[in-house]
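Structure data follow from upload.txt (compact mmCIF, C-alpha atoms):
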# COMPACT_ATOMS: atom_id res chain seq x y z
CA MET R 42 0.00 0.00 0.00
CA THR R 43 1.46 3.37 -0.99
CA LEU R 44 1.41 6.17 1.53
CA HIS R 45 0.72 9.58 0.08
CA MET R 46 0.64 13.18 1.15
CA ALA R 47 -2.90 14.18 2.00
CA THR R 48 -4.24 17.67 1.73
CA PHE R 49 -7.92 17.69 2.47
CA SER R 50 -10.57 20.30 2.87
CA ILE R 51 -14.26 19.92 3.38
CA PHE R 52 -17.49 21.77 3.64
CA PHE R 53 -21.05 20.65 4.48
CA ILE R 54 -25.88 22.01 3.37
CA LEU R 55 -23.61 25.47 4.66
CA VAL R 56 -20.11 27.57 5.67
CA SER R 57 -16.54 28.39 5.29
CA ILE R 58 -12.92 27.24 4.77
CA PHE R 59 -10.63 24.43 3.77
CA LEU R 60 -8.73 22.31 6.21
CA CYS R 61 -5.29 21.67 4.79
CA SER R 62 -2.83 19.30 6.34
CA GLU R 63 0.17 17.36 5.10
CA ALA R 64 0.65 13.94 6.60
CA HIS R 65 1.16 10.31 5.76
CA PRO R 66 -2.41 8.97 5.86
CA SER R 67 -3.34 5.74 7.52
CA HIS R 68 -5.42 3.39 5.39
CA LEU R 69 -8.60 1.64 6.50
CA THR R 70 -11.22 -0.28 4.61
CA SER R 71 -14.76 1.10 4.92
CA HIS R 72 -15.85 -1.86 7.08
CA GLU R 73 -12.82 -1.85 9.39
CA SER R 74 -13.47 -0.88 13.02
CA THR R 75 -11.06 1.49 14.74
CA THR R 76 -10.58 3.18 18.10
CA THR R 77 -9.15 6.42 16.71
CA SER R 78 -10.58 9.70 17.94
CA GLY R 79 -12.25 10.68 14.67
CA PHE R 80 -11.57 13.78 12.62
CA SER R 81 -12.80 17.33 12.09
CA LEU R 82 -13.16 19.18 8.80
CA ASP R 83 -14.25 22.58 7.58
CA LEU R 84 -17.60 23.51 6.01
CA ILE R 85 -17.50 26.02 3.19
CA HIS R 86 -20.63 28.10 2.83
CA ARG R 87 -21.13 28.59 -0.90
CA GLU R 88 -21.62 32.38 -0.69
CA ALA R 89 -20.42 33.54 2.74
CA SER R 90 -16.94 32.00 2.58
CA PRO R 91 -14.16 33.75 0.64
CA LEU R 92 -12.79 30.25 -0.06
CA SER R 93 -15.90 29.25 -2.00
CA PRO R 94 -15.71 29.46 -5.81
CA PHE R 95 -19.19 31.04 -5.66
CA TYR R 96 -18.07 33.83 -3.31
CA ASN R 97 -18.69 37.37 -4.59
CA PRO R 98 -16.87 39.98 -2.50
CA LEU R 99 -19.14 42.71 -3.88
CA ALA R 100 -22.35 41.00 -2.75
CA THR R 101 -24.10 42.47 0.30
CA HIS R 102 -25.31 40.37 3.24
CA SER R 103 -28.91 40.81 2.13
CA GLU R 104 -28.09 39.71 -1.43
CA ARG R 105 -26.45 36.55 -0.14
CA LEU R 106 -29.40 35.88 2.15
CA LYS R 107 -31.89 36.39 -0.70
CA ASN R 108 -30.05 33.79 -2.75
CA ALA R 109 -30.02 31.38 0.19
CA ILE R 110 -33.75 31.89 0.74
CA HIS R 111 -34.44 31.15 -2.93
CA ARG R 112 -32.49 27.91 -2.63
CA SER R 113 -34.35 27.14 0.61
CA HIS R 114 -37.72 27.23 -1.19
CA SER R 115 -36.35 24.98 -3.93
CA ARG R 116 -35.07 22.53 -1.33
CA LEU R 117 -38.45 22.47 0.41
CA SER R 118 -40.05 21.41 -2.89
CA HIS R 119 -37.44 18.68 -3.24
CA PHE R 120 -38.15 17.29 0.22
CA GLN R 121 -41.91 17.37 -0.32
CA SER R 122 -41.70 15.42 -3.56
CA LYS R 123 -39.18 12.96 -2.13
CA CYS R 124 -41.42 12.21 0.83
CA ARG R 125 -44.42 11.69 -1.43
CA ARG R 126 -42.42 9.17 -3.45
CA SER R 127 -41.20 7.32 -0.35
CA ARG R 128 -44.79 6.67 0.75
CA SER R 129 -45.65 5.12 -2.61
CA ARG R 130 -42.33 4.12 -4.12
CA SER R 131 -42.44 2.68 -7.60
CA SER R 132 -39.71 1.24 -9.78
CA GLY R 133 -37.70 3.49 -12.05
CA SER R 134 -35.45 6.47 -11.65
CA VAL R 135 -35.20 8.62 -8.60
CA GLU R 136 -36.83 11.98 -9.36
CA SER R 137 -36.73 15.23 -7.46
CA ASP R 138 -38.00 18.78 -7.77
CA ILE R 139 -34.70 20.22 -6.55
CA HIS R 140 -32.56 22.52 -8.70
CA TYR R 141 -29.10 21.41 -7.77
CA ASP R 142 -27.62 24.82 -7.41
CA SER R 143 -29.48 24.69 -4.08
CA GLY R 144 -26.76 23.29 -1.84
CA GLU R 145 -25.62 25.63 0.92
CA TYR R 146 -22.29 23.97 1.70
CA LEU R 147 -19.48 22.60 -0.37
CA MET R 148 -17.14 19.74 0.40
CA LYS R 149 -13.60 19.43 -0.84
CA LEU R 150 -12.00 15.99 -0.64
CA LEU R 151 -9.42 13.72 -2.20
CA ILE R 152 -10.43 10.68 -4.21
CA GLY R 153 -8.45 7.84 -5.78
CA THR R 154 -4.87 6.60 -5.82
CA PRO R 155 -2.98 8.82 -6.46
CA PRO R 156 -5.43 11.24 -4.81
CA VAL R 157 -7.25 13.86 -6.87
CA GLU R 158 -8.96 16.86 -5.30
CA THR R 159 -12.69 17.24 -6.01
CA LEU R 160 -15.38 19.70 -4.89
CA GLY R 161 -18.99 18.63 -4.40
CA ILE R 162 -22.27 19.90 -2.98
CA ALA R 163 -22.72 18.40 0.50
CA ASP R 164 -26.30 17.29 1.01
CA THR R 165 -27.98 15.81 4.08
CA GLY R 166 -31.03 15.31 1.87
CA SER R 167 -29.27 12.85 -0.47
CA ASP R 168 -27.56 9.50 0.00
CA LEU R 169 -25.50 8.69 -3.07
CA THR R 170 -22.20 10.49 -3.51
CA TRP R 171 -21.42 10.93 -7.20
CA ILE R 172 -18.93 12.91 -9.27
CA GLN R 173 -18.30 13.44 -12.98
CA CYS R 174 -15.92 10.84 -14.36
CA LYS R 175 -13.74 10.49 -17.42
CA PRO R 176 -14.60 9.33 -20.03
CA CYS R 177 -17.65 11.59 -19.84
CA LYS R 178 -20.00 11.02 -22.77
CA ARG R 179 -22.22 13.97 -21.83
CA CYS R 180 -21.34 16.25 -18.91
CA PHE R 181 -22.17 19.69 -17.55
CA GLU R 182 -19.51 22.37 -17.89
CA HIS R 183 -16.75 21.81 -15.38
CA ILE R 184 -13.62 23.96 -14.92
CA ASN R 185 -11.53 21.41 -13.02
CA PRO R 186 -10.27 18.16 -14.60
CA LEU R 187 -12.68 15.21 -14.52
CA PHE R 188 -11.85 12.23 -12.32
CA ASP R 189 -10.01 9.70 -14.49
CA LEU R 190 -10.93 6.28 -13.15
CA ARG R 191 -8.32 4.62 -15.37
CA ALA R 192 -5.57 6.61 -13.66
CA SER R 193 -6.56 5.36 -10.18
CA SER R 194 -5.22 2.02 -8.97
CA SER R 195 -7.90 1.79 -6.26
CA TYR R 196 -10.99 2.27 -8.49
CA LYS R 197 -13.27 -0.76 -8.90
CA THR R 198 -16.67 -0.92 -10.61
CA LEU R 199 -19.24 -2.78 -8.51
CA LYS R 200 -20.90 -5.93 -9.82
CA CYS R 201 -24.65 -6.47 -9.90
CA THR R 202 -24.30 -9.05 -7.14
CA SER R 203 -22.50 -6.67 -4.76
CA LYS R 204 -24.22 -5.70 -1.52
CA GLN R 205 -23.90 -2.02 -2.43
CA CYS R 206 -25.72 -2.52 -5.71
CA LYS R 207 -28.46 -4.51 -4.01
CA ALA R 208 -28.81 -1.79 -1.37
CA PHE R 209 -29.35 0.78 -4.09
CA GLN R 210 -31.70 -1.32 -6.24
CA ASP R 211 -34.72 -0.09 -4.29
CA PHE R 212 -33.92 3.37 -5.58
CA SER R 213 -32.34 3.65 -9.01
CA SER R 214 -29.80 1.00 -9.93
CA THR R 215 -29.92 -1.35 -12.89
CA CYS R 216 -27.61 -4.00 -14.21
CA THR R 217 -26.35 -5.09 -17.59
CA ARG R 218 -26.17 -8.87 -17.71
CA GLU R 219 -23.55 -8.80 -20.42
CA HIS R 220 -20.99 -6.86 -18.39
CA ASN R 221 -22.27 -7.47 -14.83
CA LYS R 222 -21.79 -3.79 -13.93
CA CYS R 223 -24.04 -1.93 -11.47
CA GLN R 224 -25.47 1.23 -12.99
CA TYR R 225 -27.26 4.14 -11.33
CA HIS R 226 -29.55 6.83 -12.74
CA VAL R 227 -30.66 9.86 -10.71
CA VAL R 228 -33.07 12.37 -12.28
CA TYR R 229 -34.04 15.73 -10.75
CA GLY R 230 -37.24 17.69 -11.33
CA ASP R 231 -35.56 20.53 -13.24
CA GLY R 232 -34.20 18.09 -15.83
CA SER R 233 -30.80 17.64 -14.18
CA TYR R 234 -29.53 14.09 -13.97
CA SER R 235 -26.54 11.84 -13.37
CA GLN R 236 -26.03 8.40 -14.85
CA GLY R 237 -23.08 6.07 -14.57
CA HIS R 238 -21.66 3.13 -12.64
CA LEU R 239 -21.57 2.41 -8.92
CA ALA R 240 -17.98 1.81 -7.87
CA THR R 241 -15.68 1.79 -4.86
CA GLU R 242 -12.75 4.12 -4.27
CA THR R 243 -10.38 5.45 -1.65
CA LEU R 244 -11.40 8.77 -0.08
CA THR R 245 -8.98 10.81 2.01
CA PHE R 246 -10.14 12.72 5.11
CA GLY R 247 -7.44 14.87 6.68
CA ASN R 248 -4.59 12.45 7.31
CA THR R 249 -6.69 9.29 7.02
CA SER R 250 -7.58 7.42 3.84
CA ILE R 251 -10.54 5.03 3.83
CA GLU R 252 -10.74 2.39 1.15
CA LYS R 253 -13.65 0.80 -0.71
CA LEU R 254 -16.25 3.51 -0.20
CA ALA R 255 -19.12 3.24 -2.68
CA PHE R 256 -19.89 6.19 -4.95
CA GLY R 257 -21.37 6.96 -8.35
CA CYS R 258 -18.99 7.55 -11.25
CA GLY R 259 -21.07 9.69 -13.60
CA HIS R 260 -20.54 9.42 -17.36
CA TYR R 261 -23.76 11.17 -18.41
CA ASN R 262 -24.56 14.29 -16.37
CA ARG R 263 -26.61 17.37 -17.13
CA GLY R 264 -28.00 20.20 -15.04
CA ILE R 265 -27.46 23.34 -12.97
CA PHE R 266 -24.65 22.13 -10.70
CA GLY R 267 -22.22 25.02 -11.15
CA ASN R 268 -19.07 24.72 -13.24
CA THR R 269 -16.77 24.54 -10.21
CA THR R 270 -18.44 21.53 -8.54
CA SER R 271 -17.97 17.91 -9.57
CA GLY R 272 -21.16 16.41 -8.14
CA ILE R 273 -22.99 15.59 -4.91
CA ILE R 274 -21.70 14.39 -1.51
CA GLY R 275 -24.48 12.34 0.14
CA LEU R 276 -24.70 12.85 3.92
CA GLY R 277 -28.20 11.46 4.51
CA GLY R 278 -29.22 8.39 6.48
CA GLY R 279 -29.57 5.87 3.63
CA PRO R 280 -27.37 2.77 3.22
CA LEU R 281 -25.02 4.28 0.62
CA SER R 282 -24.55 7.70 2.21
CA LEU R 283 -21.09 8.68 3.35
CA ILE R 284 -22.32 8.75 6.96
CA SER R 285 -23.72 5.20 6.77
CA GLN R 286 -20.64 3.78 5.06
CA LEU R 287 -18.42 5.29 7.77
CA LYS R 288 -20.67 4.17 10.63
CA GLU R 289 -18.22 1.68 12.17
CA ARG R 290 -15.31 4.04 11.73
CA ILE R 291 -17.17 6.96 13.37
CA GLN R 292 -19.43 4.89 15.65
CA GLY R 293 -22.47 6.50 14.03
CA LYS R 294 -21.52 9.95 15.38
CA PHE R 295 -21.07 13.28 13.65
CA SER R 296 -21.70 16.90 14.57
CA TYR R 297 -21.46 20.38 13.14
CA CYS R 298 -21.28 23.94 14.43
CA LEU R 299 -22.56 26.61 12.03
CA VAL R 300 -21.43 30.20 12.23
CA SER R 301 -23.73 33.02 11.14
CA ILE R 302 -24.31 33.40 7.42
CA PHE R 303 -23.38 37.07 7.93
CA LYS R 304 -19.85 36.19 9.05
CA ASN R 305 -17.05 35.21 6.70
CA GLU R 306 -15.82 32.53 9.07
CA THR R 307 -15.34 28.79 9.06
CA SER R 308 -17.91 26.28 10.23
CA THR R 309 -16.89 22.80 11.29
CA ILE R 310 -18.12 19.24 10.91
CA ASN R 311 -16.80 16.52 13.21
CA PHE R 312 -16.86 12.75 12.74
CA GLY R 313 -16.44 9.99 15.30
CA GLU R 314 -15.33 10.47 18.89
CA GLN R 315 -14.82 14.21 18.34
CA ALA R 316 -18.51 14.57 17.51
CA PRO R 317 -20.33 14.16 20.88
CA VAL R 318 -21.33 17.32 22.73
CA LEU R 319 -19.94 17.15 26.24
CA SER R 320 -21.52 19.58 28.71
CA SER R 321 -24.06 19.63 31.51
CA LYS R 322 -26.05 22.10 29.38
CA VAL R 323 -26.58 19.63 26.54
CA VAL R 324 -30.15 18.57 25.73
CA SER R 325 -30.97 15.53 23.61
CA THR R 326 -34.00 14.48 21.58
CA PRO R 327 -34.73 11.17 19.81
CA LEU R 328 -34.34 10.54 16.10
CA PHE R 329 -37.47 8.98 14.64
CA PRO R 330 -37.76 6.36 11.87
CA THR R 331 -39.57 7.43 8.71
CA PRO R 332 -40.49 5.86 5.34
CA ASP R 333 -37.64 7.77 3.71
CA VAL R 334 -34.42 6.74 5.47
CA THR R 335 -32.50 9.64 3.92
CA PHE R 336 -33.92 12.34 6.19
CA TYR R 337 -33.22 12.95 9.88
CA TYR R 338 -36.55 13.40 11.67
CA LEU R 339 -37.22 14.85 15.14
CA TYR R 340 -40.49 15.36 17.00
CA LEU R 341 -41.40 18.99 17.72
CA GLU R 342 -43.98 19.22 20.50
CA LYS R 343 -44.51 22.96 20.78
CA VAL R 344 -43.15 26.43 20.13
CA ILE R 345 -42.91 28.69 23.17
CA ILE R 346 -43.17 32.49 22.87
CA GLY R 347 -42.47 34.14 26.22
CA ASN R 348 -45.01 32.56 28.59
CA LYS R 349 -47.29 31.27 25.83
CA SER R 350 -46.96 27.90 24.15
CA PHE R 351 -48.34 26.61 20.87
CA GLU R 352 -48.66 22.87 20.40
CA VAL R 353 -47.77 21.51 16.98
CA PRO R 354 -50.87 20.00 15.31
CA ARG R 355 -50.80 16.22 15.36
CA GLU R 356 -51.11 14.13 12.24
CA GLU R 357 -54.56 12.73 11.60
CA ASP R 358 -52.88 9.50 10.57
CA GLU R 359 -52.15 7.84 13.94
CA GLU R 360 -49.30 5.79 12.50
CA ARG R 361 -47.53 8.91 11.22
CA ALA R 362 -48.28 10.73 14.48
CA GLU R 363 -46.00 8.27 16.27
CA SER R 364 -43.08 9.10 13.98
CA GLY R 365 -41.13 12.32 13.65
CA ASN R 366 -42.82 15.47 12.40
CA ILE R 367 -39.91 17.76 11.44
CA ILE R 368 -36.75 17.26 9.39
CA ILE R 369 -33.53 18.72 10.78
CA ASP R 370 -31.46 19.86 7.82
CA SER R 371 -28.29 21.90 7.51
CA GLY R 372 -28.93 22.60 3.82
CA THR R 373 -32.23 24.47 4.23
CA THR R 374 -31.90 28.11 5.24
CA LEU R 375 -35.36 28.94 6.62
CA THR R 376 -37.41 26.98 9.15
CA TYR R 377 -40.81 25.73 7.96
CA LEU R 378 -43.69 24.96 10.32
CA PRO R 379 -47.38 24.05 9.85
CA GLY R 380 -49.56 26.97 8.81
CA GLY R 381 -53.10 27.83 9.84
CA GLU R 382 -54.15 28.56 13.40
CA PHE R 383 -50.87 27.25 14.84
CA TYR R 384 -48.61 29.54 12.84
CA ASN R 385 -50.98 32.53 12.96
CA GLY R 386 -51.06 32.29 16.75
CA ILE R 387 -47.26 32.45 16.92
CA VAL R 388 -47.07 35.50 14.66
CA SER R 389 -49.92 37.32 16.45
CA THR R 390 -48.20 36.81 19.80
CA LEU R 391 -44.89 38.10 18.46
CA LYS R 392 -46.50 41.18 16.90
CA GLU R 393 -48.29 42.04 20.14
CA ALA R 394 -45.18 41.54 22.29
CA MET R 395 -42.88 43.50 19.98
CA GLY R 396 -45.31 46.32 19.24
CA VAL R 397 -44.07 46.87 15.70
CA LYS R 398 -45.86 47.99 12.59
CA THR R 399 -45.63 45.23 10.01
CA ILE R 400 -44.77 45.88 6.38
CA ASP R 401 -45.32 43.82 3.25
CA TYR R 402 -42.30 42.23 1.62
CA PRO R 403 -42.29 41.19 -2.07
CA ASP R 404 -41.32 37.64 -1.14
CA GLY R 405 -44.75 36.34 -0.26
CA ASN R 406 -43.34 33.56 1.91
CA PHE R 407 -42.52 35.91 4.79
CA LYS R 408 -45.55 36.58 6.99
CA PHE R 409 -44.01 38.93 9.54
CA CYS R 410 -41.68 41.77 8.50
CA TYR R 411 -40.98 45.24 9.88
CA LYS R 412 -38.62 48.17 9.36
CA THR R 413 -35.21 47.31 10.78
CA ASN R 414 -34.64 48.83 14.22
CA SER R 415 -31.93 47.53 16.55
CA LYS R 416 -33.94 48.72 19.57
CA ILE R 417 -36.78 46.28 18.90
CA LYS R 418 -36.55 43.27 21.19
CA ALA R 419 -38.36 40.01 20.60
CA PRO R 420 -39.61 37.78 23.42
CA VAL R 421 -37.75 34.55 24.11
CA ILE R 422 -38.58 31.95 21.44
CA ALA R 423 -38.01 28.30 22.30
CA PHE R 424 -38.52 25.08 20.37
CA GLN R 425 -39.64 22.20 22.57
CA PHE R 426 -38.66 18.91 21.00
CA LYS R 427 -39.34 15.60 22.73
CA ASN R 428 -37.17 15.66 25.90
CA ALA R 429 -35.28 18.78 24.76
CA THR R 430 -36.06 22.51 24.74
CA ILE R 431 -33.72 25.01 23.11
CA GLU R 432 -33.96 28.81 23.16
CA ILE R 433 -33.26 30.47 19.81
CA PRO R 434 -31.51 33.87 19.90
CA GLN R 435 -33.16 36.85 18.20
CA SER R 436 -30.20 37.09 15.82
CA SER R 437 -31.47 33.87 14.24
CA THR R 438 -35.24 34.29 14.48
CA PHE R 439 -35.26 37.80 12.97
CA VAL R 440 -32.80 38.76 10.23
CA GLU R 441 -32.47 41.66 7.83
CA VAL R 442 -33.54 40.14 4.51
CA ASP R 443 -33.23 43.41 2.59
CA ASP R 444 -31.96 46.91 3.25
CA GLY R 445 -34.08 48.22 6.10
CA VAL R 446 -36.39 45.17 6.21
CA THR R 447 -36.25 42.53 8.96
CA CYS R 448 -38.34 39.36 8.78
CA PHE R 449 -39.24 36.35 10.92
CA THR R 450 -37.20 33.37 9.61
CA VAL R 451 -39.90 30.84 10.43
CA VAL R 452 -42.49 30.52 7.64
CA PRO R 453 -45.62 28.38 7.11
CA SER R 454 -45.56 25.25 4.96
CA GLY R 455 -47.22 21.89 4.54
CA MET R 456 -43.93 20.27 5.55
CA SER R 457 -41.82 21.05 8.61
CA ILE R 458 -38.04 21.60 8.40
CA PHE R 459 -35.72 22.89 11.14
CA GLY R 460 -33.38 25.01 9.02
CA ASN R 461 -29.81 26.15 9.39
CA ILE R 462 -30.34 29.76 10.50
CA LEU R 463 -32.02 28.54 13.69
CA GLN R 464 -29.17 26.03 14.16
CA GLU R 465 -26.47 28.70 14.04
CA ASN R 466 -24.27 28.85 17.14
CA PHE R 467 -25.38 25.44 18.38
CA MET R 468 -23.20 22.38 18.44
CA VAL R 469 -25.57 19.90 16.84
CA SER R 470 -24.51 16.30 17.48
CA TYR R 471 -25.97 13.21 15.80
CA ASP R 472 -25.68 9.81 17.46
CA LEU R 473 -27.17 7.35 14.99
CA GLN R 474 -26.38 4.28 17.10
CA ASN R 475 -28.37 5.63 20.05
CA LYS R 476 -30.84 7.38 17.72
CA LYS R 477 -30.63 10.88 19.14
CA VAL R 478 -29.62 14.46 18.31
CA SER R 479 -28.11 16.77 20.93
CA PHE R 480 -27.92 20.57 21.11
CA GLN R 481 -25.55 22.80 23.01
CA ALA R 482 -25.45 26.60 22.70
CA THR R 483 -21.95 27.40 21.42
CA ASP R 484 -20.01 30.26 19.89
CA CYS R 485 -19.27 28.48 16.62
CA SER R 486 -16.80 31.14 15.52
CA LYS R 487 -14.43 29.80 18.18
CA LYS R 488 -12.61 26.59 17.34
CA LEU R 489 -13.44 23.97 19.97

Would you kindly transcribe this structure into structure tokens?
Amino acid sequence: MTLHMATFSIFFILVSIFLCSEAHPSHLTSHESTTTSGFSLDLIHREASPLSPFYNPLATHSERLKNAIHRSHSRLSHFQSKCRRSRSRSSGSVESDIHYDSGEYLMKLLIGTPPVETLGIADTGSDLTWIQCKPCKRCFEHINPLFDLRASSSYKTLKCTSKQCKAFQDFSSTCTREHNKCQYHVVYGDGSYSQGHLATETLTFGNTSIEKLAFGCGHYNRGIFGNTTSGIIGLGGGPLSLISQLKERIQGKFSYCLVSIFKNETSTINFGEQAPVLSSKVVSTPLFPTPDVTFYYLYLEKVIIGNKSFEVPREEDEERAESGNIIIDSGTTLTYLPGGEFYNGIVSTLKEAMGVKTIDYPDGNFKFCYKTNSKIKAPVIAFQFKNATIEIPQSSTFVEVDDGVTCFTVVPSGMSIFGNILQENFMVSYDLQNKKVSFQATDCSKKL
């Protein structure tokens, strides 16, 4: 086995910089257990980080936020359609309404032997990691060189009989009997798609290389992915996601700490033993199983405004009522909650407590906006999940979305998502083995 110099940087659905280190990496197969302490990497927010290829130094904070909000609405549509499909899954290609310029965070990693640097959109709402590969019969415009599988000694196309191919067959894999090669085909609602072969490769994280990780090597790709990204990095809960494939290595644990979108600073994602949140102030809530294993679901019981509480409406379907009712997602900017009497009660209480005159904002999704005034104070807003209550600072619940216009970052929807603005300055820790998510208020601009 050849040791190589590893320089690795990573992002994650949201914030800032590349982690670069030179070391002789240790090599592990994807199924090999280890007692190492895990590793930490950087998250590059696509617009807020100067290290992002999408960064525009002339863009204002409100312009960046507007773009993020637009992507948030697109991502909501993606989740809604994906959940509908999971309840009545049929054979054929995976389809989605998402426009894949909607990722908030980018991930930079090394792939192959010798290692080649690649940049992808990190997505907790997707499982399969795929990149554009050479030879590429039909590909979207891409500035950086394509991954040349023939130049990598560790690349191996998966057979139809492989466990990885079988795990993906419920979604979008097919096989050619003649060549016994596992193929994948992912189609998105805006016409974007990726098609190619499932394979295994060596991925390098910091100073550690992990062998035989499954990914999609795309030979036919089209869509709005951005000409500086190579594909998608799947961080969901499905069997072929990066998180699931690393589960023994990281003991099912990962965490992230997101800095404010208004700061040009680095966010961090941690894997393995570095991921748990260790403090007496930590609160934990269960993860709930759902028909779509990709998403991470929690159960939100109520929203508390000052001394008033508003219980989240229960599902009429008793079976669904016993599962989670809100997705926690680092790639969605806004937070979406049920509309109607529940949401209207929250907004009415806030308006009364804050005593502000509301104004209309062209983006019809915002239901509570007012003229920006630093002297206006909002009452304490808390989200009460099962067994865990967290107080959200005003800097997250109310943000300036345009010059002189501040809006409430929680909006009504038929689907509930706990978005990344409300997660800012919390260490959010996932423990998939014990099926829980933990929160600890943290200054994420400080390296822990």

Could you give me, as a list in words, the residues within 8 Å of Gly365 (chain R), counting only C-alpha atoms and dropping anything in the same chain fewer than 5 positions from it? Leu328, Phe329, Pro330, Thr331, Tyr338, Leu339, Tyr340 and Leu341 of chain R

Please report the interatomic distance between CA of Leu199 (chain R) and CA of His238 (chain R) in Å with one decimal. 7.6 Å

Quick one: residues within 8 Å of Lys477 (chain R), only C-alpha atoms, excluding same-chain residues fewer than 5 positions away - as a list in words? Ser325, Thr326, Pro327, Leu328, Tyr471 and Asp472 of chain R

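Take CA of Gln286 (chain R) and CA of Phe336 (chain R): the distance between them is 15.8 Å.
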
If we count all atoms listed in the file, what is near region 164-179 of chain R at a cut-off of 8 Å, once residues fewer than 3 positions away on the same chain are taken out, given as an mmCIF file with C-alpha atoms, in the frame of the given file?
data_model
loop_
_atom_site.group_PDB
_atom_site.id
_atom_site.type_symbol
_atom_site.label_atom_id
_atom_site.label_comp_id
_atom_site.auth_asym_id
_atom_site.auth_seq_id
_atom_site.Cartn_x
_atom_site.Cartn_y
_atom_site.Cartn_z
ATOM 1 C CA PHE R 53 -21.050 20.650 4.480
ATOM 2 C CA ILE R 54 -25.880 22.010 3.370
ATOM 3 C CA PHE R 120 -38.150 17.290 0.220
ATOM 4 C CA GLY R 144 -26.760 23.290 -1.840
ATOM 5 C CA TYR R 146 -22.290 23.970 1.700
ATOM 6 C CA GLY R 161 -18.990 18.630 -4.400
ATOM 7 C CA LEU R 187 -12.680 15.210 -14.520
ATOM 8 C CA PHE R 188 -11.850 12.230 -12.320
ATOM 9 C CA ASP R 189 -10.010 9.700 -14.490
ATOM 10 C CA LEU R 190 -10.930 6.280 -13.150
ATOM 11 C CA ALA R 255 -19.120 3.240 -2.680
ATOM 12 C CA PHE R 256 -19.890 6.190 -4.950
ATOM 13 C CA GLY R 257 -21.370 6.960 -8.350
ATOM 14 C CA CYS R 258 -18.990 7.550 -11.250
ATOM 15 C CA GLY R 259 -21.070 9.690 -13.600
ATOM 16 C CA HIS R 260 -20.540 9.420 -17.360
ATOM 17 C CA TYR R 261 -23.760 11.170 -18.410
ATOM 18 C CA ASN R 262 -24.560 14.290 -16.370
ATOM 19 C CA ARG R 263 -26.610 17.370 -17.130
ATOM 20 C CA SER R 271 -17.970 17.910 -9.570
ATOM 21 C CA GLY R 272 -21.160 16.410 -8.140
ATOM 22 C CA ILE R 273 -22.990 15.590 -4.910
ATOM 23 C CA ILE R 274 -21.700 14.390 -1.510
ATOM 24 C CA GLY R 275 -24.480 12.340 0.140
ATOM 25 C CA LEU R 276 -24.700 12.850 3.920
ATOM 26 C CA GLY R 277 -28.200 11.460 4.510
ATOM 27 C CA GLY R 278 -29.220 8.390 6.480
ATOM 28 C CA GLY R 279 -29.570 5.870 3.630
ATOM 29 C CA PRO R 280 -27.370 2.770 3.220
ATOM 30 C CA LEU R 281 -25.020 4.280 0.620
ATOM 31 C CA SER R 282 -24.550 7.700 2.210
ATOM 32 C CA LEU R 283 -21.090 8.680 3.350
ATOM 33 C CA THR R 335 -32.500 9.640 3.920
ATOM 34 C CA PHE R 336 -33.920 12.340 6.190
ATOM 35 C CA ASP R 370 -31.460 19.860 7.820
ATOM 36 C CA SER R 371 -28.290 21.900 7.510
ATOM 37 C CA GLY R 372 -28.930 22.600 3.820
#

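Atom pair CA of Ser454 (chain R) / CA of Phe407 (chain R): separated by 11.1 Å.
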
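Summary of the local environment: counting only C-alpha atoms, residues at most 7 Å from Leu106 (chain R), other than itself and those fewer than 4 positions away along its chain, are His102, Ile110 and Val442 of chain R.
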
Nearest to Thr483 (chain R) among R:Val452, R:Cys298, R:Ser308, R:Val446, with distances taken over all atoms listed in the file: which residue is it? R:Cys298

Given all atoms listed in the file as the basis, pick out the residue of R:Leu254, R:Ile458, R:Leu84, R:Ile369 nearest to Ile152 (chain R). R:Leu254

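Proximity ranking of R:Thr376, R:Gly237, R:Asn185, R:Lys204 relative to Glu158 (chain R) places R:Asn185 first, based on only C-alpha atoms.
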
Selection: 10 Å around Ile462 (chain R), only C-alpha atoms, excl. self and same-chain fewer than 6 positions, as a list of chain:residue names: R:Leu55, R:Leu299, R:Val300, R:Ser301, R:Ile302, R:Ser371, R:Gly372, R:Thr373, R:Thr374, R:Leu375, R:Thr376, R:Ile433, R:Ser436, R:Ser437, R:Thr438, R:Phe439, R:Val440, R:Thr450, R:Val451

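Taking all atoms listed in the file into account, Pro91 (chain R) lies nearest to R:Glu306 out of the set R:Glu306, R:Gly347, R:Asp401, R:Glu465.
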
Point (-10.9, 10.9, -0.8) neighbourhood (8 Å, only C-alpha atoms) written as a short mmCIF file (atom, residue, chain, number, x, y, z; two decimals) with C-alpha atoms, keeping the file's coordinate frame:
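Written output follows (out-v7.cif):
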data_model
loop_
_atom_site.label_atom_id
_atom_site.label_comp_id
_atom_site.auth_asym_id
_atom_site.auth_seq_id
_atom_site.Cartn_x
_atom_site.Cartn_y
_atom_site.Cartn_z
CA LEU R 150 -12.00 15.99 -0.64
CA LEU R 151 -9.42 13.72 -2.20
CA ILE R 152 -10.43 10.68 -4.21
CA GLY R 153 -8.45 7.84 -5.78
CA PRO R 156 -5.43 11.24 -4.81
CA VAL R 157 -7.25 13.86 -6.87
CA GLU R 158 -8.96 16.86 -5.30
CA GLU R 242 -12.75 4.12 -4.27
CA THR R 243 -10.38 5.45 -1.65
CA LEU R 244 -11.40 8.77 -0.08
CA THR R 245 -8.98 10.81 2.01
CA PHE R 246 -10.14 12.72 5.11
CA SER R 250 -7.58 7.42 3.84
CA ILE R 251 -10.54 5.03 3.83
#

Taking all atoms listed in the file into account, which of R:Pro453, R:Pro420, R:Gly405, R:Gly313 comes nearest Pro379 (chain R)? R:Pro453
